[in-house]
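Heads up, the thing below is written out as C-alpha cells.
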Amino acid sequence: MIKKMISCIRENRLHTILTPLFMVGEVGLECTLPMITAKLINALEDGADMSLILQYGGILILMAMCSMSCGILSGWFAASAAAGFSKNLRHDLFAKVQSFSFANIDKFSTASLVTRLTTDVTNVQMAFMMIIRTAVRSPLMLIFAVIMSVNMGGSIALVFFVVIPILGFGLIYIARRAMPLFKAVFKKYDKLNNSVQENVKGMRVVKSFVREEYEKQKFGAASEDVRNDFTRVEKLLAINNPLMLLSMYICMILIPLLSAKLIISSGGTQMQVGDLASLITYAMQILMSLMMLSMIFVMITISGEGARRIAEVLDTETSLQNPEPGVRKLKDAAGRPVELRVPVTEVADGSIDFENVSFKYNQEAKAYALADVNLHIKPGQTVGILGGTGSSKTTLIQLISRLYDVTEGSVRVGKIDTRLYDMEVLRSQVAVVLQKNVLFSGTIAENLRWGDPDASDEELVRACKQAQAHEFIMANPEGYDRYIEQGGANVSGGQKQRLCIARALLKKPKILILDDSTSAVDTQTDALIRKAFREELPDITKLIIAQRVASVQDADLILVMDNGRVVAQGTHEELLATNEIYQEVYYSQTKGGDDNG
C-alpha cells in the first residue's frame, strides 16, 4: 500500500524532499532560540551593558527571521507536493477504473468508487502533507527540546520522562479504539453516497411517485448512522485534549517549583533564572510536539483506511486483458493448422460465431446466465433477438464486444476468437446502442463525434438522417449546436435514442447492436430506421434486441431466447409456424391474442 502511495509522488519528488529539509532548519532554530534567550536573561541578571544586550537581541531577531523563512518555504513546498500527489492519485484511480471490466465494476459499487476518488483521496492528501511536514517537525522538536532541557535543567528534565509515557499510553488507547470505528464509517459513507446518487439520478421517478419524504427518511437514516459513528470517534478523541492539558499543568507546576528550589538552594550556581525561563519554553515545545503528534496519529488513523481502500482499487487487475504478444498456432474452419500473430489488430468482417458458449457472472454462481449457445451469423445479416425479461439477451450481446469473457466455449468475430483481439480494435468495430444510453453535457455535434472525433458535418448529417434524427435536430434554431444537458435531460427518450444510434453509426462499425434502443420510438420511425439500415448499411452486421415483433420480423434471422438459452432460431415465417413462444408474442401484439388469431 505504501509503495502504491509513494509511486504517485512522481514529479513532486523535489518538493517532497525540500519540505522536511526546511522544516529541520526551522526546528533547529526554534530550539536554539530559548537557549540564547536564557543567556540574555542571565546576562541581564549579572548586570550586562547595552552593547551585549543589543548583540543578543540582533542574534535573536536574525534567528527568528531565518526560522520564519524556513517555515514559510516548508509550508509552500508541502502544499505544492500534497496537491500534486493527490492529483496523481486521482488520475491513477480514475485511469484504473477506466480499465476495469464490467466484472470489476460489479465488485465495487459506483458510490464506493466515488467515495474513494473524493473523500478518501482528500484524507490521504491531508495525511501526506502532515507526514512530510508536521510528522517531521514534531519528533524533531520533541527530541531537540528534550536534549536542550536536559542540558539546561539537569535532573529537573526527568519531569518530561514521567509525562511523556502517560501521554503515549493515552494516545495508543485512543488509536486502538478509534481505528475500527473509522473502518466502519467509510463503508457507511459509501451507503450515504449511494443514497444521494440514486435519488438525484431517479429524481423524476421520486417526484412522480411522490416519494420525497421516503427518500428524505432513507437519507436521514444513512446520515444518522454516519453521525453516530463519528460521535463515538469524537468522544474518544476528546480525551486527547484534557490529557494534554493535564500534562501541561503538571509540567507548569513541577518545573517552576523544582527549579526555584534548586536556584535558591544552590545560590544560582547550578541554575539561573534564564535557565528556568528557557526550561519552561522547552516544556511548552515538548508538550506542543506531543499534541501535534497526537493530531498526526489521528489523521493517519483516519487516512489509513482510506489509503487501504484506494490501494484496493489500484491493486485490482482488470479481469479482461489483451493477449500476450506472440504467435499462436490455431486451426482454421477446415481444421488446417495456421499461425496467427496476436493481439489481432484488424477485424476482417462482421461474422459472429458462438460455439458451445456458457457464461456466468462469477465463478461462485451456481446457475449459468447463458447455457449451450451455438450461433452462426454471416457478415451483413440482420438478426433479431426476442425474449422475456431475464432471458439474457443483453448478456449475449455483451460477449461479442468482450465486455465479459465466456466461461465455456468461444465467441468468434471475423472468424477469430474475441480473446485474441486487441480489445480497443475489437470494440471500435462493434457499436452498441443501449436502451438507456447516455448523452453527455455538450452540443449535439460534440455528442455525435464520440463516434468519430474527425467526422465532417456532412457525415454527421448522413448518420442522423439514417437514424431519423436530422428532422428534429433542425427543428430547433440552434440545429447541431443545440446544447444537451447532462444525461440528455432536455431531449425526449425517443430523441435521445435516435441520437445514440447516429453516434454509433459514425463509428462505421462492422457490427451494430441495438439493445432495445428503439423502445421509445414510434412504430413509423422505427420502420424508417430499419429501412435505412437495410438500404444504406447492407455490409454491417446488425443485431436488434426488441420487444416488438414488428421491429425484427423482416430480419434475416430471428433468435428466441428463454432462461439463458436460444430456444429457437429462424425467419419470421419459420418461427411463426414452429415456435409457440414466438407465436404467442406475435399474436398478442398483432391481434390482441384473441381466439381467432
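In the C-alpha cells, each chain is lettered A, B, ... as it comes, each chain's residues begin at 1, and ligands are numbered from 1 in order of appearance.
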
At most 7 Å is the cut-off: for each residue in stretch 387-493 of chain A with any atom that close to an atom of stretch 497-521 of chain A, write down the nearest atom pair and the distance in Å rounded to one decimal, counting only C-alpha atoms, chain first then increasing number, as a Markdown table.
```
| residue | atom | partner | partner_atom | distance |
| --- | --- | --- | --- | --- |
| A:Thr394 | CA | A:Asp515 | CA | 6.8 |
| A:Ser428 | CA | A:Pro509 | CA | 6.8 |
| A:Gln429 | CA | A:Pro509 | CA | 4.3 |
| A:Val430 | CA | A:Ile511 | CA | 4.8 |
| A:Ala431 | CA | A:Leu512 | CA | 4.9 |
| A:Val432 | CA | A:Ile513 | CA | 4.7 |
| A:Val433 | CA | A:Leu514 | CA | 4.9 |
| A:Leu434 | CA | A:Asp515 | CA | 4.9 |
| A:Gln435 | CA | A:Ser517 | CA | 4.2 |
| A:Asn437 | CA | A:Cys500 | CA | 6.8 |
| A:Leu448 | CA | A:Arg503 | CA | 4.6 |
| A:Arg449 | CA | A:Arg503 | CA | 6.8 |
| A:Trp450 | CA | A:Arg503 | CA | 6.7 |
| A:Gly451 | CA | A:Lys507 | CA | 4.7 |
| A:Asp452 | CA | A:Lys507 | CA | 5.6 |
| A:Ala463 | CA | A:Ala502 | CA | 5.0 |
| A:Cys464 | CA | A:Ala502 | CA | 5.1 |
| A:Ala467 | CA | A:Ala502 | CA | 5.4 |
| A:Gln468 | CA | A:Arg498 | CA | 6.6 |
| A:Ala469 | CA | A:Arg498 | CA | 5.6 |
| A:Gly493 | CA | A:Ala520 | CA | 5.8 |
```

(Q) For the structure I just gave you, how does DSSP split stretch 179-425 of chain A - specifically, which residues are helix (DSSP H, G or I)? Reply as a ChimeraX atom specification. (A) /A:179-201,203-208,212-237,240-266,273-315,393-398,418-420,423-425

Using only C-alpha atoms, which residues sit within 10 Å of A:Gly57 once same-chain residues fewer than 4 positions away are excluded, as a list in words?
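Close residues of A:Gly57: Ile36, Thr37, Leu40, Ser51, Leu52, Ile53, Ile61, Leu62 and Met63 of chain A.
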
For A:Ala79, please output as a PyMOL selection string all residues within 10 Å (counting only C-alpha atoms; exclusion window: fewer than 5 positions along the same chain). chain A and resi 15-16+19+73-74+84-85+125-126+128-129+133

Hey, what does DSSP flag as strand (DSSP E or B) within stretch 253-450 of chain A? Can you give it to me as a ChimeraX atom specification? /A:326-331,337-342,344,352-359,370-377,382-387,408-413,416-417,421,430-434,442-443

Those selected residues, please, written with C-alpha atoms and delivered as a compact mmCIF listing (two decimals), in the first residue's frame.
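Wrote result_17.txt, looks like this:
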```txt
# COMPACT_ATOMS: atom_id res chain seq x y z
CA GLY A 326 3.28 -13.57 -29.87
CA VAL A 327 2.35 -16.17 -32.43
CA ARG A 328 -0.44 -18.65 -31.74
CA LYS A 329 -0.86 -21.93 -33.54
CA LEU A 330 -4.54 -22.44 -34.36
CA LYS A 331 -6.76 -24.34 -36.77
CA PRO A 337 -3.10 -25.57 -38.80
CA VAL A 338 -2.43 -21.83 -39.14
CA GLU A 339 -0.26 -19.34 -37.32
CA LEU A 340 -1.79 -16.10 -36.02
CA ARG A 341 0.06 -13.11 -34.61
CA VAL A 342 -1.68 -11.75 -31.50
CA VAL A 344 -5.03 -9.25 -33.66
CA ILE A 352 -20.23 -13.79 -35.43
CA ASP A 353 -19.95 -17.37 -34.19
CA PHE A 354 -20.93 -18.74 -30.77
CA GLU A 355 -19.50 -22.21 -30.21
CA ASN A 356 -20.92 -24.08 -27.21
CA VAL A 357 -20.96 -20.89 -25.16
CA SER A 358 -21.91 -20.90 -21.49
CA PHE A 359 -21.46 -17.95 -19.18
CA LEU A 370 -26.19 -18.32 -20.71
CA ALA A 371 -26.01 -22.01 -21.49
CA ASP A 372 -25.13 -24.06 -24.59
CA VAL A 373 -25.41 -21.23 -27.11
CA ASN A 374 -24.49 -22.04 -30.70
CA LEU A 375 -24.92 -19.32 -33.33
CA HIS A 376 -23.50 -18.59 -36.76
CA ILE A 377 -24.19 -15.13 -38.16
CA THR A 382 -29.76 -8.58 -39.79
CA VAL A 383 -30.51 -10.63 -36.69
CA GLY A 384 -33.47 -10.03 -34.40
CA ILE A 385 -33.43 -11.20 -30.77
CA LEU A 386 -36.65 -11.70 -28.83
CA GLY A 387 -37.18 -12.95 -25.30
CA GLU A 408 -17.07 -22.06 -21.50
CA GLY A 409 -16.79 -22.27 -25.28
CA SER A 410 -15.76 -19.39 -27.53
CA VAL A 411 -17.13 -16.33 -29.31
CA ARG A 412 -15.57 -15.50 -32.68
CA VAL A 413 -15.83 -12.25 -34.59
CA ILE A 416 -11.21 -15.12 -34.72
CA ASP A 417 -11.76 -15.68 -31.01
CA TYR A 421 -8.05 -9.35 -30.42
CA VAL A 430 -18.64 -3.24 -32.54
CA ALA A 431 -21.07 -0.36 -31.90
CA VAL A 432 -23.64 -0.91 -29.14
CA VAL A 433 -26.70 1.28 -28.59
CA LEU A 434 -28.34 0.57 -25.24
CA GLY A 442 -22.27 19.49 -24.67
CA THR A 443 -23.68 20.22 -28.09
```

For this session: Within 12 Å of A:Met5, counting only C-alpha atoms, which residues show up once you throw out same-chain ones fewer than 2 positions away? Write them as a PyMOL selection string, please.
Result: chain A and resi 1-3+7-10+82+85-90+92-93+121+124-125+127-128+303-304+306-312+314-315

Any idea what's packed within 10 Å of stretch 237-252 of chain A, counting only C-alpha atoms, ignoring anything in its chain fewer than 2 positions away? Could you give it as a PyMOL selection string? chain A and resi 157+159-160+162-164+166-167+170-171+174-175+177-178+231-235+254-257+280+283-284+286-288+290-291+294-295+298

Applying 7 Å and only C-alpha atoms, which residues near stretch 192-195 of chain A remain after dropping the ones on its own chain fewer than 3 positions away? List them as a list in words. Ala111, Lys188, Tyr189, Glu198, Asn199, Phe219, Ala222 and Ser223 of chain A

Keeping only N, CA and C atoms, take the residues you just selected and write them out as a PDB file, in the first residue's frame.
```
ATOM      1  N   ALA A 111     -21.052   4.128  -5.943  1.00  0.00           N
ATOM      2  CA  ALA A 111     -20.942   5.048  -4.805  1.00  0.00           C
ATOM      3  C   ALA A 111     -19.619   4.866  -4.075  1.00  0.00           C
ATOM      4  N   LYS A 188     -20.063   3.241   5.585  1.00  0.00           N
ATOM      5  CA  LYS A 188     -21.332   3.957   5.702  1.00  0.00           C
ATOM      6  C   LYS A 188     -21.336   5.213   4.833  1.00  0.00           C
ATOM      7  N   TYR A 189     -20.165   5.784   4.596  1.00  0.00           N
ATOM      8  CA  TYR A 189     -20.054   6.884   3.630  1.00  0.00           C
ATOM      9  C   TYR A 189     -20.477   6.400   2.244  1.00  0.00           C
ATOM     10  N   GLU A 198     -28.548   7.660  -6.159  1.00  0.00           N
ATOM     11  CA  GLU A 198     -29.808   7.072  -6.614  1.00  0.00           C
ATOM     12  C   GLU A 198     -30.913   8.117  -6.661  1.00  0.00           C
ATOM     13  N   ASN A 199     -30.952   8.969  -5.644  1.00  0.00           N
ATOM     14  CA  ASN A 199     -32.017   9.959  -5.566  1.00  0.00           C
ATOM     15  C   ASN A 199     -31.915  10.994  -6.677  1.00  0.00           C
ATOM     16  N   PHE A 219     -32.272   8.887   3.422  1.00  0.00           N
ATOM     17  CA  PHE A 219     -31.017   9.623   3.514  1.00  0.00           C
ATOM     18  C   PHE A 219     -30.720  10.004   4.963  1.00  0.00           C
ATOM     19  N   ALA A 222     -29.234   7.054   6.814  1.00  0.00           N
ATOM     20  CA  ALA A 222     -27.826   6.836   6.456  1.00  0.00           C
ATOM     21  C   ALA A 222     -26.947   7.913   7.075  1.00  0.00           C
ATOM     22  N   SER A 223     -27.429   9.163   7.047  1.00  0.00           N
ATOM     23  CA  SER A 223     -26.666  10.264   7.628  1.00  0.00           C
ATOM     24  C   SER A 223     -26.548  10.114   9.138  1.00  0.00           C
TER      25      SER A 223
END
```

Item checked: Counting only C-alpha atoms, the option among A:Ala277, A:Ala103, A:Ala550, A:Met65 closest to A:Pro34 ->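 Closest to A:Pro34 of all the choices is A:Ala277.
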
Original post:
Looking at only C-alpha atoms, which of A:Glu11, A:Ile302, A:Gly414, A:Glu535 is the one that sits closest to A:Thr122?
Top reply: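 The shortest atom-to-atom distance to A:Thr122 comes from A:Ile302.
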
**Report entry** Straight-line distance linking atom CA of A:Leu439 with atom CA of A:Ala95, stated in Å to one decimal
**Finding:**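 Separation between atom CA of A:Leu439 and atom CA of A:Ala95: 21.1 Å.
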
Closest of A:Gln524, A:Ser289, A:Ser112, A:Thr345 to A:Asp422, counting only C-alpha atoms, is A:Thr345

As a check of understanding: the span from atom CA of A:Asp405 to atom CA of A:Thr316 is 17.2 Å

Between A:Ile105, A:Leu460, A:Leu320, A:Ala475, single out the one closest to A:Leu403, counting only C-alpha atoms.
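Smallest separation from A:Leu403 among the options: A:Leu320.
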